[in-house]
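Notes follow once the structure below has been shown.
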Amino acid sequence: MSSIFRLYCRIYQFVFRITSIFLPFREPKILQGNNCLSQLPALIFNQGITNILVVTDSGLMKTGLVEPLLKQFDVHKIQYCLYDKTNANPTITNIEEAVKMYLECQCQGILAIGGGSPMDMAKGTAARIGNPHKSIPQMKGLLKVSHKIPPLYVVPTTAGTGSETTLAAVITNSETHEKYAINDPSLIPDYAVLDPLMTLGLPKNITASTGIDALTHAVEAFIGQSNTKHTEKMAIEAVKLIFENLPTAYNDGTNLLARANMQVAAYKAGVAFTRAYVGNVHAIAHTLGGFYQVPHGLANAVLLPYILDFYGVTASKRLAYLADSAGLSDPTDSCEQKAKKFIASIRALNSSMAIPEKLPGIIQEDDIPLMAKRAFAEANPLYPVPKIMNYIDFETIYRLIM
């Protein structure tokens with residue numbers, strides 16, 4: 001990759017960083033605390049919504065977590081249509097089915113309940129409803145959602161994706177195996193419900209992978225070159241909360257304080273990367289999801305240490321700061337020692353939660369060139385990473401985790 005292309009990427013990122021100052025970024029209004037979900041039906045009704053599309057997945061429906069809310073809708077005389085076919089990596093087909101249901105039921109708003117998949121699914125559905133003459137592929141990328149979307153409420157049942165506060169919806173084209181994001185401030189939800197009771201039944205492996213997903217968001221935002229003082233503050237606080245609370249949430253799933261703190265960490269990390277963006281971890285993880293249906297949080301968790309190793313000295317100062325903030329280093333350590341301790345702490349945290357170091361038997365050698373091409377195209381010129389990766393760098397990472 002030529003030095004001219006690297007210069008082009010940096011100029012693009014600088015211009016976009018300056019331009020983003022004028023974009024209508026906002027944060028959703030929050031309901032927070034034990035059983036705060038019970039306040040949502042009255043809030044929705046008081047906003048004049050009497051018919052709503054509920055987007056979730058079949059797995060969550062089987063847990064029974066959604067039923068009490070649906071009964072509360074009946075009490076408040078709010079009609080609802082239920083879409084529970086969301087895939088782990090929501091597809092264009094999922095979205096078109098939900099759009100049809102929304103229109104047939106004459107809904108006035110959308111409620112997502114679940115992890116990142118239902119929330120991304122709801123955002124994609126809202127984007128299509130607001131832009132009936134645009135397909136999902138036509139809204140791929142930045143600022144393509146040109147019209148107002150329906151009111152959007154989200155109830156995360158995991159602590160990791162940050163989708164409850166972001167402008168992104170990640171969608172999979174099941175025909176081409178392409179996974180990409182729609183990014184627009186209009187997709188930031190109106191309300192986010194952070195109720196730790198909704199995460200109590202979360203399996204340990206999901207608690208682990210979504211927790212490291214949140215860590216990835218915070219770290220990639222902080223070490224990138226498009227930070228503001230606010231995104232730096234949010235990212236640092238998220239990293240500290242995750243190292244302090246994720247082990248407890250994993251080992252004692254009934255600990256409501258740890259669960260609540262992880263929800264706050266995921267939210268703060270979401271605020272950070274909404275404005276400061278992510279990086280090459282996500283570019284690669286999206287291809288693994290698109291080609292092999294690898295869960296996004298798991299892909300991020302496996303990839304994060306390898307990408308941080310690759311950045312080397314270009315990220316060491318920032319990683320050293322995070323190590324200090326999270327209490328993972330000694331005052332006498334050098335900057336590079338602190339950075340290495342931070343990366344080692346991620347590997348140790350992964351190992352303690354049975355997250356594998358690699359993904360054996362998943363990646364096919366013949367797919368690597370195309371995946372590298374797509375990861376490169378996603379990352380460049382937008383992602384303000386510490387060190388820009390070329391095709392060979394991307395291919396090397398795939399082979400490292402095979």
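Within each chain, counting starts at residue 1; across the structure tokens, chains are named A, B, ... in the order shown, with ligands numbered 1 upward in that order.
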Where does region 194-291 of chain A meet region 316-326 of chain A within 7 Å, residue by residue, with the nearest atom pair and distance in Å to one decimal for each, counting only C-alpha atoms, listed by chain and rising number, as a tab-separated table?
```
residue	atom	partner	partner_atom	distance
A:Ile223	CA	A:Arg318	CA	5.7
A:Ile236	CA	A:Leu322	CA	6.6
A:Val239	CA	A:Ala326	CA	6.8
A:Lys240	CA	A:Ala326	CA	4.7
A:Phe243	CA	A:Ala326	CA	6.9
```
May I have the residues within 8 Å of region 128-138 of chain A as a list of chain:residue names, using only C-alpha atoms and disregarding those fewer than 3 positions away in the same chain?
A:Ile92, A:Val99, A:Gly124, A:Thr125, A:Lys144, A:Val145, A:Ser146, A:His147, A:Lys148, A:Ile149, A:Pro150
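Residue nearest Ala339 (chain A), chosen from A:Pro185, A:Pro151, A:Gly297, A:Gly312 and counting only C-alpha atoms: A:Gly312.
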Neighbour list for Gln364 (chain A) as number ranges by chain, cut-off 10 Å, only C-alpha atoms, skip fewer than 4 positions in-chain:
A: 291-292, 360, 368, 398-399, 402
Residue contacts of Arg259 (chain A) (9 Å, only C-alpha atoms) excluding same-chain residues fewer than 3 positions away, as a count of residues only
16
